[in-house]
file coords28.pdb (PDB, C-alpha atoms)
ATOM      1  CA  MET R   1       9.245 -13.880   3.462
ATOM      2  CA  LEU R   2       6.070 -15.106   1.785
ATOM      3  CA  LYS R   3       7.825 -18.315   0.773
ATOM      4  CA  GLN R   4       8.046 -19.296   4.449
ATOM      5  CA  ILE R   5       4.247 -19.307   4.735
ATOM      6  CA  GLU R   6       3.964 -21.267   1.477
ATOM      7  CA  LYS R   7       6.489 -23.800   2.807
ATOM      8  CA  ASP R   8       4.628 -24.190   6.110
ATOM      9  CA  VAL R   9       1.392 -24.841   4.202
ATOM     10  CA  ALA R  10       3.057 -27.343   1.852
ATOM     11  CA  ASP R  11       4.702 -29.200   4.751
ATOM     12  CA  ARG R  12       1.655 -28.847   7.027
ATOM     13  CA  ASN R  13       4.107 -27.832   9.709
ATOM     14  CA  PHE R  14       2.687 -24.626  11.139
ATOM     15  CA  LYS R  15       4.186 -22.129  13.551
ATOM     16  CA  ARG R  16       2.228 -21.611  16.760
ATOM     17  CA  VAL R  17       1.569 -17.980  15.848
ATOM     18  CA  TYR R  18       1.685 -15.757  12.752
ATOM     19  CA  LEU R  19       1.440 -12.003  12.295
ATOM     20  CA  ILE R  20       0.663 -10.845   8.741
ATOM     21  CA  TYR R  21       0.468  -7.094   8.195
ATOM     22  CA  GLY R  22       1.543  -4.269   5.899
ATOM     23  CA  GLU R  23       0.385  -1.751   3.321
ATOM     24  CA  GLU R  24      -0.249  -4.248   0.493
ATOM     25  CA  ASP R  25      -3.773  -5.338   1.491
ATOM     26  CA  TYR R  26      -4.131  -7.603  -1.546
ATOM     27  CA  LEU R  27      -1.312  -9.909  -0.456
ATOM     28  CA  VAL R  28      -2.158  -9.643   3.251
ATOM     29  CA  LYS R  29      -5.621 -10.974   2.414
ATOM     30  CA  GLN R  30      -4.269 -13.622   0.022
ATOM     31  CA  TYR R  31      -1.847 -15.116   2.545
ATOM     32  CA  THR R  32      -4.362 -14.825   5.370
ATOM     33  CA  GLU R  33      -6.775 -16.897   3.282
ATOM     34  CA  LEU R  34      -4.007 -19.367   2.418
ATOM     35  CA  LEU R  35      -3.370 -20.069   6.098
ATOM     36  CA  LYS R  36      -7.054 -20.023   6.992
ATOM     37  CA  SER R  37      -7.957 -22.632   4.375
ATOM     38  CA  ASN R  38      -5.088 -24.954   5.306
ATOM     39  CA  VAL R  39      -4.679 -24.813   9.083
ATOM     40  CA  ALA R  40      -8.218 -25.823  10.044
ATOM     41  CA  ASP R  41      -9.159 -27.726   6.898
ATOM     42  CA  GLY R  42     -11.691 -30.365   5.972
ATOM     43  CA  THR R  43     -15.339 -30.749   6.912
ATOM     44  CA  ASN R  44     -14.793 -29.557  10.474
ATOM     45  CA  ALA R  45     -12.979 -26.336   9.546
ATOM     46  CA  MET R  46     -15.694 -24.013  10.885
ATOM     47  CA  MET R  47     -15.841 -25.855  14.196
ATOM     48  CA  ASN R  48     -12.081 -25.477  14.574
ATOM     49  CA  THR R  49     -11.847 -21.771  13.755
ATOM     50  CA  ASP R  50     -12.397 -18.906  16.198
ATOM     51  CA  VAL R  51     -12.573 -15.355  14.836
ATOM     52  CA  PHE R  52     -12.033 -12.139  16.813
ATOM     53  CA  GLU R  53     -12.288  -8.719  15.171
ATOM     54  CA  GLY R  54     -11.707  -5.237  16.520
ATOM     55  CA  SER R  55     -10.066  -3.593  19.493
ATOM     56  CA  ASP R  56     -12.993  -4.455  21.768
ATOM     57  CA  SER R  57     -12.381  -8.203  21.440
ATOM     58  CA  ASN R  58     -12.278  -9.871  24.852
ATOM     59  CA  ILE R  59      -8.740 -10.914  25.746
ATOM     60  CA  ASN R  60      -9.870 -13.757  28.022
ATOM     61  CA  LYS R  61     -11.963 -15.308  25.249
ATOM     62  CA  MET R  62      -9.049 -14.955  22.811
ATOM     63  CA  ILE R  63      -6.726 -16.807  25.173
ATOM     64  CA  ALA R  64      -9.336 -19.443  26.067
ATOM     65  CA  ALA R  65      -9.869 -20.199  22.359
ATOM     66  CA  GLY R  66      -6.216 -21.171  22.093
ATOM     67  CA  ASP R  67      -6.574 -23.651  24.936
ATOM     68  CA  THR R  68      -9.506 -25.455  23.281
ATOM     69  CA  ALA R  69      -8.615 -28.790  21.692
ATOM     70  CA  PRO R  70      -9.409 -29.198  17.971
ATOM     71  CA  PHE R  71     -12.407 -31.330  16.982
ATOM     72  CA  PHE R  72     -11.369 -34.160  14.620
ATOM     73  CA  SER R  73      -8.628 -32.003  13.138
ATOM     74  CA  ASP R  74      -4.867 -31.655  13.464
ATOM     75  CA  TYR R  75      -5.092 -27.966  14.321
ATOM     76  CA  ARG R  76      -7.327 -25.311  15.801
ATOM     77  CA  LEU R  77      -7.067 -21.804  14.279
ATOM     78  CA  VAL R  78      -7.607 -18.578  16.231
ATOM     79  CA  MET R  79      -7.885 -15.588  13.889
ATOM     80  CA  VAL R  80      -7.491 -12.101  15.383
ATOM     81  CA  SER R  81      -7.745  -8.959  13.241
ATOM     82  CA  ASP R  82      -7.482  -5.245  14.049
ATOM     83  CA  SER R  83      -7.145  -6.049  17.747
ATOM     84  CA  GLY R  84      -4.962  -3.080  18.684
ATOM     85  CA  LEU R  85      -2.722  -5.440  20.645
ATOM     86  CA  PHE R  86       0.378  -4.525  18.632
ATOM     87  CA  LYS R  87       0.388  -0.818  19.526
ATOM     88  CA  ASP R  88      -0.218   1.400  22.552
ATOM     89  CA  GLY R  89      -3.673   1.370  24.081
ATOM     90  CA  ARG R  90      -4.183  -2.181  25.381
ATOM     91  CA  LYS R  91      -1.058  -2.522  27.478
ATOM     92  CA  SER R  92      -2.330  -5.055  30.030
ATOM     93  CA  ASP R  93      -4.121  -7.132  27.349
ATOM     94  CA  THR R  94      -0.961  -7.070  25.230
ATOM     95  CA  ALA R  95       1.082  -8.353  28.157
ATOM     96  CA  GLU R  96      -1.442 -11.146  28.829
ATOM     97  CA  MET R  97      -1.448 -12.292  25.217
ATOM     98  CA  ALA R  98       2.354 -12.088  24.958
ATOM     99  CA  GLU R  99       2.581 -14.397  27.967
ATOM    100  CA  ALA R 100      -0.170 -16.736  26.731
ATOM    101  CA  ILE R 101       1.392 -17.477  23.344
ATOM    102  CA  LYS R 102       4.569 -18.695  25.041
ATOM    103  CA  ASN R 103       2.688 -21.776  26.231
ATOM    104  CA  LEU R 104       0.409 -22.674  23.341
ATOM    105  CA  PRO R 105      -0.494 -26.319  22.741
ATOM    106  CA  GLU R 106       1.052 -27.898  19.648
ATOM    107  CA  GLU R 107      -2.304 -28.166  17.889
ATOM    108  CA  CYS R 108      -3.180 -24.463  18.162
ATOM    109  CA  VAL R 109      -2.299 -21.750  15.637
ATOM    110  CA  TYR R 110      -2.896 -18.034  16.202
ATOM    111  CA  LEU R 111      -3.137 -15.771  13.152
ATOM    112  CA  PHE R 112      -3.007 -11.998  13.723
ATOM    113  CA  THR R 113      -3.767  -9.802  10.696
ATOM    114  CA  ASN R 114      -4.557  -6.228   9.616
ATOM    115  CA  GLU R 115      -2.675  -4.808  12.553
ATOM    116  CA  LYS R 116      -0.975  -1.449  12.992
ATOM    117  CA  VAL R 117       2.349  -2.593  14.386
ATOM    118  CA  ASP R 118       4.868  -1.058  16.755
ATOM    119  CA  LYS R 119       7.931  -3.285  16.552
ATOM    120  CA  ARG R 120       8.883  -2.307  20.107
ATOM    121  CA  ASN R 121       5.609  -3.819  21.319
ATOM    122  CA  ALA R 122       5.859  -6.793  23.733
ATOM    123  CA  LEU R 123       3.466  -8.978  21.722
ATOM    124  CA  TYR R 124       5.309  -8.263  18.470
ATOM    125  CA  LYS R 125       8.571  -9.335  20.094
ATOM    126  CA  ALA R 126       6.941 -12.492  21.472
ATOM    127  CA  VAL R 127       5.484 -13.435  18.073
ATOM    128  CA  LYS R 128       8.815 -12.821  16.369
ATOM    129  CA  LYS R 129      10.589 -15.047  18.889
ATOM    130  CA  ILE R 130       8.283 -18.068  18.792
ATOM    131  CA  GLY R 131       6.337 -17.641  15.548
ATOM    132  CA  TYR R 132       6.551 -15.712  12.304
ATOM    133  CA  CYS R 133       6.076 -12.005  11.539
ATOM    134  CA  CYS R 134       5.397 -11.229   7.879
ATOM    135  CA  GLU R 135       5.335  -7.581   6.800
ATOM    136  CA  ILE R 136       3.920  -7.217   3.284
ATOM    137  CA  ASN R 137       4.477  -3.788   1.753
ATOM    138  CA  TYR R 138       4.017  -2.552  -1.796
ATOM    139  CA  ARG R 139       5.965  -4.571  -4.352
ATOM    140  CA  ASP R 140       8.673  -2.981  -6.479
ATOM    141  CA  ILE R 141       8.004  -2.262 -10.127
ATOM    142  CA  LYS R 142       9.832  -5.371 -11.401
ATOM    143  CA  GLU R 143       7.758  -7.685  -9.201
ATOM    144  CA  LEU R 144       4.564  -5.927 -10.218
ATOM    145  CA  THR R 145       5.507  -6.094 -13.899
ATOM    146  CA  ASP R 146       6.082  -9.859 -13.669
ATOM    147  CA  TRP R 147       2.811 -10.266 -11.751
ATOM    148  CA  VAL R 148       0.783  -8.260 -14.289
ATOM    149  CA  LYS R 149       2.267 -10.215 -17.210
ATOM    150  CA  LYS R 150       1.501 -13.545 -15.539
ATOM    151  CA  LYS R 151      -2.020 -12.522 -14.498
ATOM    152  CA  SER R 152      -2.741 -11.382 -18.071
ATOM    153  CA  ASP R 153      -1.328 -14.579 -19.631
ATOM    154  CA  ASN R 154       1.378 -12.409 -21.217
ATOM    155  CA  ARG R 155      -1.108 -10.274 -23.138
ATOM    156  CA  LEU R 156       0.899  -7.338 -21.810
ATOM    157  CA  ASP R 157       4.601  -7.286 -22.678
ATOM    158  CA  ASN R 158       7.253  -5.735 -20.408
ATOM    159  CA  GLY R 159       6.862  -2.210 -21.737
ATOM    160  CA  THR R 160       3.063  -2.257 -21.694
ATOM    161  CA  ALA R 161       2.922  -3.788 -18.196
ATOM    162  CA  ASN R 162       5.331  -1.136 -16.983
ATOM    163  CA  TYR R 163       3.194   1.620 -18.539
ATOM    164  CA  PHE R 164       0.072   0.087 -16.968
ATOM    165  CA  ILE R 165       1.612   0.108 -13.464
ATOM    166  CA  LYS R 166       2.946   3.639 -13.763
ATOM    167  CA  ASN R 167      -0.515   4.873 -14.770
ATOM    168  CA  ILE R 168      -2.628   2.847 -12.347
ATOM    169  CA  GLY R 169      -0.389   2.844  -9.271
ATOM    170  CA  ASN R 170       1.230   0.147  -7.162
ATOM    171  CA  SER R 171      -1.747  -1.181  -5.196
ATOM    172  CA  MET R 172      -2.250  -4.771  -6.342
ATOM    173  CA  LYS R 173      -5.935  -4.597  -5.425
ATOM    174  CA  HIS R 174      -6.429  -1.596  -7.719
ATOM    175  CA  LEU R 175      -4.214  -3.109 -10.411
ATOM    176  CA  ALA R 176      -6.252  -6.337 -10.387
ATOM    177  CA  VAL R 177      -9.540  -4.446 -10.832
ATOM    178  CA  GLU R 178      -8.166  -2.299 -13.658
ATOM    179  CA  LEU R 179      -6.503  -5.284 -15.334
ATOM    180  CA  ASP R 180      -9.840  -7.131 -15.486
ATOM    181  CA  LYS R 181     -11.399  -4.075 -17.154
ATOM    182  CA  LEU R 182      -8.475  -3.756 -19.549
ATOM    183  CA  LEU R 183      -8.501  -7.399 -20.658
ATOM    184  CA  ALA R 184     -12.267  -7.315 -21.168
ATOM    185  CA  TYR R 185     -11.885  -4.214 -23.337
ATOM    186  CA  ALA R 186      -8.968  -5.559 -25.376
ATOM    187  CA  GLY R 187     -10.609  -8.899 -26.110
ATOM    188  CA  ASP R 188      -8.253 -11.602 -27.357
ATOM    189  CA  LYS R 189      -5.615  -9.306 -28.822
ATOM    190  CA  LYS R 190      -2.368  -8.110 -27.293
ATOM    191  CA  VAL R 191      -2.907  -5.118 -25.018
ATOM    192  CA  THR R 192      -1.447  -1.773 -26.112
ATOM    193  CA  THR R 193      -0.745   1.459 -24.245
ATOM    194  CA  ALA R 194      -3.609   3.029 -26.203
ATOM    195  CA  ASP R 195      -5.966   0.399 -24.725
ATOM    196  CA  ILE R 196      -4.765   1.386 -21.243
ATOM    197  CA  ASP R 197      -5.427   5.073 -21.916
ATOM    198  CA  ILE R 198      -8.977   4.307 -23.048
ATOM    199  CA  ALA R 199     -10.085   1.537 -20.676
ATOM    200  CA  CYS R 200      -8.390   2.336 -17.366
ATOM    201  CA  THR R 201      -8.989   4.879 -14.645
ATOM    202  CA  LYS R 202      -5.658   6.360 -13.657
ATOM    203  CA  SER R 203      -4.918   6.683  -9.959
ATOM    204  CA  ALA R 204      -5.159  10.101  -8.318
ATOM    205  CA  GLU R 205      -1.421   9.996  -7.579
ATOM    206  CA  VAL R 206      -0.609   9.369 -11.244
ATOM    207  CA  SER R 207      -2.961  12.155 -12.332
ATOM    208  CA  ILE R 208      -1.282  14.560  -9.903
ATOM    209  CA  PHE R 209       2.148  13.517 -11.163
ATOM    210  CA  ASN R 210       1.057  14.159 -14.752
ATOM    211  CA  MET R 211      -0.553  17.461 -13.774
ATOM    212  CA  VAL R 212       2.588  18.728 -12.026
ATOM    213  CA  GLY R 213       4.598  17.528 -15.028
ATOM    214  CA  ALA R 214       2.363  19.621 -17.278
ATOM    215  CA  ILE R 215       2.747  22.588 -14.916
ATOM    216  CA  GLY R 216       6.545  22.241 -15.020
ATOM    217  CA  SER R 217       6.609  22.077 -18.802
ATOM    218  CA  LYS R 218       4.316  25.150 -18.962
ATOM    219  CA  ASN R 219       1.497  23.214 -20.596
ATOM    220  CA  THR R 220      -1.404  25.060 -18.958
ATOM    221  CA  GLU R 221      -4.056  23.454 -21.158
ATOM    222  CA  LYS R 222      -2.949  19.930 -20.269
ATOM    223  CA  ALA R 223      -2.686  20.721 -16.543
ATOM    224  CA  LEU R 224      -6.212  22.160 -16.468
ATOM    225  CA  GLU R 225      -7.551  19.220 -18.492
ATOM    226  CA  ILE R 226      -6.176  16.747 -15.927
ATOM    227  CA  TYR R 227      -7.558  18.872 -13.091
ATOM    228  CA  ASN R 228     -11.048  19.030 -14.597
ATOM    229  CA  ASN R 229     -11.016  15.282 -15.281
ATOM    230  CA  MET R 230     -10.195  14.630 -11.623
ATOM    231  CA  ILE R 231     -13.088  16.883 -10.562
ATOM    232  CA  PHE R 232     -15.381  14.996 -12.974
ATOM    233  CA  GLU R 233     -14.269  11.677 -11.444
ATOM    234  CA  GLY R 234     -15.287  12.865  -7.973
ATOM    235  CA  GLU R 235     -12.094  14.245  -6.441
ATOM    236  CA  GLU R 236     -12.578  17.285  -4.194
ATOM    237  CA  PRO R 237     -10.569  20.432  -5.100
ATOM    238  CA  ILE R 238      -9.097  20.746  -1.604
ATOM    239  CA  GLY R 239      -7.959  17.122  -1.751
ATOM    240  CA  ILE R 240      -6.357  17.753  -5.144
ATOM    241  CA  LEU R 241      -4.634  20.825  -3.686
ATOM    242  CA  SER R 242      -3.202  18.697  -0.881
ATOM    243  CA  MET R 243      -1.868  16.175  -3.411
ATOM    244  CA  ILE R 244      -0.332  18.934  -5.552
ATOM    245  CA  ALA R 245       1.425  20.338  -2.481
ATOM    246  CA  ARG R 246       2.681  16.852  -1.578
ATOM    247  CA  GLN R 247       4.073  16.359  -5.091
ATOM    248  CA  PHE R 248       5.841  19.728  -4.975
ATOM    249  CA  ARG R 249       7.243  18.786  -1.551
ATOM    250  CA  MET R 250       8.574  15.438  -2.791
ATOM    251  CA  ILE R 251      10.187  17.102  -5.813
ATOM    252  CA  LEU R 252      11.769  19.713  -3.537
ATOM    253  CA  GLN R 253      13.153  17.083  -1.160
ATOM    254  CA  CYS R 254      14.522  14.928  -3.978
ATOM    255  CA  LYS R 255      16.100  17.896  -5.759
ATOM    256  CA  TYR R 256      17.681  19.181  -2.538
ATOM    257  CA  LEU R 257      19.189  15.807  -1.626
ATOM    258  CA  GLN R 258      20.542  15.355  -5.136
ATOM    259  CA  ASN R 259      21.958  18.889  -5.536
ATOM    260  CA  LYS R 260      23.077  19.769  -2.023
ATOM    261  CA  ARG R 261      24.052  16.383  -0.602
ATOM    262  CA  ASN R 262      24.982  14.495  -3.781
ATOM    263  CA  PHE R 263      22.614  11.608  -2.989
ATOM    264  CA  ASN R 264      21.850   9.106  -5.744
ATOM    265  CA  THR R 265      18.355   7.760  -6.435
ATOM    266  CA  ARG R 266      18.682   4.813  -4.073
ATOM    267  CA  GLN R 267      19.998   6.963  -1.229
ATOM    268  CA  ILE R 268      17.193   9.490  -1.707
ATOM    269  CA  ALA R 269      14.596   6.692  -1.679
ATOM    270  CA  ALA R 270      16.008   5.331   1.567
ATOM    271  CA  GLU R 271      16.188   8.778   3.177
ATOM    272  CA  LEU R 272      12.623   9.765   2.229
ATOM    273  CA  LYS R 273      11.144   6.247   2.483
ATOM    274  CA  LEU R 274       9.916   6.391  -1.111
ATOM    275  CA  ARG R 275      10.104   3.800  -3.868
ATOM    276  CA  GLU R 276      13.001   4.293  -6.282
ATOM    277  CA  PHE R 277      10.829   4.790  -9.369
ATOM    278  CA  VAL R 278       8.914   7.543  -7.521
ATOM    279  CA  VAL R 279      12.212   9.284  -6.737
ATOM    280  CA  SER R 280      13.347   8.860 -10.322
ATOM    281  CA  ASN R 281      10.119  10.459 -11.564
ATOM    282  CA  CYS R 282      10.456  13.329  -9.089
ATOM    283  CA  LEU R 283      14.025  14.007 -10.194
ATOM    284  CA  THR R 284      12.863  14.126 -13.812
ATOM    285  CA  GLN R 285      10.227  16.710 -12.918
ATOM    286  CA  ALA R 286      12.717  18.601 -10.727
ATOM    287  CA  LYS R 287      14.572  19.709 -13.855
ATOM    288  CA  ASN R 288      11.686  22.069 -14.622
ATOM    289  CA  PHE R 289      11.720  23.812 -11.237
ATOM    290  CA  LYS R 290      14.181  25.842  -9.189
ATOM    291  CA  LEU R 291      14.408  25.129  -5.464
ATOM    292  CA  THR R 292      13.128  28.624  -4.670
ATOM    293  CA  ALA R 293      10.143  28.173  -6.990
ATOM    294  CA  LEU R 294       9.251  24.857  -5.323
ATOM    295  CA  MET R 295       9.395  26.409  -1.854
ATOM    296  CA  LYS R 296       7.180  29.279  -2.999
ATOM    297  CA  ALA R 297       4.725  26.849  -4.626
ATOM    298  CA  ILE R 298       4.389  24.916  -1.354
ATOM    299  CA  GLU R 299       3.781  28.172   0.540
ATOM    300  CA  ASP R 300       1.170  29.262  -2.014
ATOM    301  CA  CYS R 301      -0.626  25.901  -1.734
ATOM    302  CA  ALA R 302      -0.774  26.306   2.057
ATOM    303  CA  GLN R 303      -2.123  29.856   1.704
ATOM    304  CA  CYS R 304      -4.692  28.702  -0.849
ATOM    305  CA  ASP R 305      -5.815  25.953   1.555
ATOM    306  CA  SER R 306      -6.280  28.562   4.319
ATOM    307  CA  ASN R 307      -8.199  30.901   2.004
ATOM    308  CA  ILE R 308     -10.538  28.097   0.903
ATOM    309  CA  LYS R 309     -11.230  27.008   4.485
ATOM    310  CA  ALA R 310     -11.834  30.641   5.498
ATOM    311  CA  GLY R 311     -14.360  31.047   2.675
ATOM    312  CA  LEU R 312     -12.273  33.701   0.932
ATOM    313  CA  ILE R 313     -12.215  31.869  -2.400
ATOM    314  CA  ALA R 314     -14.190  29.066  -4.048
ATOM    315  CA  PRO R 315     -12.301  25.729  -3.837
ATOM    316  CA  LYS R 316     -12.295  24.953  -7.574
ATOM    317  CA  LEU R 317     -11.183  28.473  -8.523
ATOM    318  CA  GLY R 318      -8.472  28.545  -5.844
ATOM    319  CA  VAL R 319      -6.792  25.418  -7.213
ATOM    320  CA  GLU R 320      -7.158  26.653 -10.792
ATOM    321  CA  LEU R 321      -5.277  29.823  -9.851
ATOM    322  CA  ILE R 322      -2.396  27.766  -8.413
ATOM    323  CA  ILE R 323      -2.218  25.750 -11.644
ATOM    324  CA  LEU R 324      -2.311  28.903 -13.764
ATOM    325  CA  ARG R 325       0.294  30.716 -11.660
ATOM    326  CA  TYR R 326       2.917  27.979 -12.006
ATOM    327  CA  SER R 327       2.189  26.793 -15.533
ATOM    328  CA  LYS R 328       2.531  30.209 -17.230
TER     329      LYS R 328
END
call {"tool": "encode", "arguments": {"input": "coords28.pdb", "output": "structure tokens"}}
result
Amino acid sequence: MLKQIEKDVADRNFKRVYLIYGEEDYLVKQYTELLKSNVADGTNAMMNTDVFEGSDSNINKMIAAGDTAPFFSDYRLVMVSDSGLFKDGRKSDTAEMAEAIKNLPEECVYLFTNEKVDKRNALYKAVKKIGYCCEINYRDIKELTDWVKKKSDNRLDNGTANYFIKNIGNSMKHLAVELDKLLAYAGDKKVTTADIDIACTKSAEVSIFNMVGAIGSKNTEKALEIYNNMIFEGEEPIGILSMIARQFRMILQCKYLQNKRNFNTRQIAAELKLREFVVSNCLTQAKNFKLTALMKAIEDCAQCDSNIKAGLIAPKLGVELIILRYSK
């Protein structure tokens, strides 16, 4: 999908309207900038770019901008972000814009970004019909591994890049920040997994995964160490509790689908809308828990949450007791 935008830029043959959205903010921003710097280019770029941000943007001004001829340029660019036009809430404005983009002049390009999208929405359907909709979600682990290796000039090999991703998470924005730190720490030498353990801050999701893994293997000391490190790094106990409960829930769902419905990893990922490596990790951890124990753990997390919010137990102690109960 991204290759289509790259081709349009290379050919300087732009669609009348683009919608770029999705959970991978790093690439959404990258391809937004690619279009922005190439549609209205040259010394008159600023004069040929209109920018509208937020759901309070005036629809009449947005439409009027598209009818304005470019000034000494091939194209005029109208950038619209977080407008709310692609979901419920601005129904009449959505209808107006959907009608307006059907009759855009050849020299005008609309670029919608950072939108929450309902694919049943009239404007989404109009953009898809006459322009290009590009949904950019998190990359799979192979793509991320290749990207990390390339960005590091191959100072991370396949195994090390894979370890890096699994410990940092799959957000390219976060990976890029941590990779800069890692390369600065490692200097000119090849990066090792030990370097990653020392130089990088592991994502909360990875820490929770490792904590639940320690709980499942009855390693109380390790589970409490991870918990205390997360507290030290600024995570709130009640937030950690929520993440623990979510991890237990994912393990339960994966184990149930594998055992009771004979689903394979790919089928489970599709059913739960999770990435395959996440499912694979959950199934590995599931070996340490019975279905009944997982259900009870989820119930206990919910009760602990209620007790904390009712002031019946201190937040840090409440989560510690959950960890102790299931790691003994």
call {"tool": "closest_residue", "arguments": {"input": "coords28.pdb", "among": "R:Val51, R:Ala45, R:Ala69, R:Val319", "to": "Ser306 of chain R", "atoms": "all atoms listed in the file"}}
result
R:Val319
call {"tool": "closest_atom_pairs", "arguments": {"input": "coords28.pdb", "of": "segment 67-156 of chain R", "to": "segment 262-277 of chain R", "cutoff": "12 Å", "atoms": "only C-alpha atoms", "output": "CSV"}}
result
residue,atom,partner,partner_atom,distance
R:Asn137,CA,R:Arg275,CA,11.0
R:Tyr138,CA,R:Arg275,CA,9.0
R:Arg139,CA,R:Arg275,CA,9.4
R:Asp140,CA,R:Arg275,CA,7.4
R:Ile141,CA,R:Phe277,CA,7.6
R:Lys142,CA,R:Phe277,CA,10.4
call {"tool": "closest_residue", "arguments": {"input": "coords28.pdb", "among": "R:Asp50, R:Glu221, R:Asp93, R:Glu235", "to": "Tyr110 of chain R", "atoms": "only C-alpha atoms"}}
result
R:Asp50
call {"tool": "closest_residue", "arguments": {"input": "coords28.pdb", "among": "R:Leu144, R:Ile101, R:Ala286, R:Ala214", "to": "Tyr227 of chain R", "atoms": "only C-alpha atoms"}}
result
R:Ala214
call {"tool": "closest_residue", "arguments": {"input": "coords28.pdb", "among": "R:Ser57, R:Thr68, R:Thr284, R:Asn162", "to": "Ser83 of chain R", "atoms": "only C-alpha atoms"}}
result
R:Ser57
call {"tool": "resolve_selection", "arguments": {"input": "coords28.pdb", "expression": "the PyMOL selection byres ((chain R and resi 210) around 12)", "output": "JSON, numbers by chain"}}
result
{"R": [166, 167, 202, 203, 204, 205, 206, 207, 208, 209, 211, 212, 213, 214, 215, 216, 217, 219, 220, 222, 223, 224, 225, 226, 227, 230, 243, 244, 247, 281, 282, 284, 285]}
call {"tool": "atom_distance", "arguments": {"input": "coords28.pdb", "atom1": "atom CA of Ile130 of chain R", "atom2": "atom CA of Gln30 of chain R"}}
result
23.0 Å
call {"tool": "residues_around", "arguments": {"input": "coords28.pdb", "residues": "Asn114 of chain R", "least_positions_apart": "6", "cutoff": "9 Å", "atoms": "only C-alpha atoms", "output": "CSV table (one decimal) with C-alpha atoms, in the frame of the given file"}}
result
chain,number,residue,atom,x,y,z
R,19,LEU,CA,1.4,-12.0,12.3
R,20,ILE,CA,0.7,-10.8,8.7
R,21,TYR,CA,0.5,-7.1,8.2
R,22,GLY,CA,1.5,-4.3,5.9
R,25,ASP,CA,-3.8,-5.3,1.5
R,28,VAL,CA,-2.2,-9.6,3.3
R,29,LYS,CA,-5.6,-11.0,2.4
R,80,VAL,CA,-7.5,-12.1,15.4
R,81,SER,CA,-7.7,-9.0,13.2
R,82,ASP,CA,-7.5,-5.2,14.0
R,83,SER,CA,-7.1,-6.0,17.7
call {"tool": "resolve_selection", "arguments": {"input": "coords28.pdb", "expression": "the PyMOL selection byres ((chain R and resi 6-18) around 8)", "output": "ChimeraX atom specification"}}
result
/R:2-5,19-20,34-35,38-39,101,104,106,108-112,127,130-134
call {"tool": "build_atoms", "arguments": {"input": "coords28.pdb", "residues": "segment 4-17 of chain R", "atoms": "N, CA and C atoms", "output": "compact mmCIF listing (two decimals), keeping the file's coordinate frame"}}
result
# COMPACT_ATOMS: atom_id res chain seq x y z
N GLN R 4 8.09 -18.56 3.20
CA GLN R 4 8.05 -19.30 4.45
C GLN R 4 6.63 -19.78 4.75
N ILE R 5 5.64 -18.91 4.52
CA ILE R 5 4.25 -19.31 4.74
C ILE R 5 3.86 -20.40 3.75
N GLU R 6 4.27 -20.24 2.48
CA GLU R 6 3.96 -21.27 1.48
C GLU R 6 4.59 -22.60 1.85
N LYS R 7 5.80 -22.57 2.38
CA LYS R 7 6.49 -23.80 2.81
C LYS R 7 5.76 -24.46 3.99
N ASP R 8 5.35 -23.65 4.95
CA ASP R 8 4.63 -24.19 6.11
C ASP R 8 3.34 -24.87 5.68
N VAL R 9 2.64 -24.26 4.71
CA VAL R 9 1.39 -24.84 4.20
C VAL R 9 1.68 -26.15 3.47
N ALA R 10 2.71 -26.14 2.61
CA ALA R 10 3.06 -27.34 1.85
C ALA R 10 3.47 -28.49 2.77
N ASP R 11 4.21 -28.17 3.82
CA ASP R 11 4.70 -29.20 4.75
C ASP R 11 3.68 -29.55 5.83
N ARG R 12 2.62 -28.74 5.92
CA ARG R 12 1.66 -28.85 7.03
C ARG R 12 2.38 -28.87 8.37
N ASN R 13 3.31 -27.97 8.49
CA ASN R 13 4.11 -27.83 9.71
C ASN R 13 4.04 -26.35 10.12
N PHE R 14 3.00 -26.03 10.88
CA PHE R 14 2.69 -24.63 11.14
C PHE R 14 3.35 -24.11 12.41
N LYS R 15 3.72 -22.81 12.35
CA LYS R 15 4.19 -22.13 13.55
C LYS R 15 3.01 -22.00 14.51
N ARG R 16 3.30 -21.78 15.78
CA ARG R 16 2.23 -21.61 16.76
C ARG R 16 1.49 -20.27 16.57
N VAL R 17 2.19 -19.29 16.00
CA VAL R 17 1.57 -17.98 15.85
C VAL R 17 2.16 -17.24 14.65
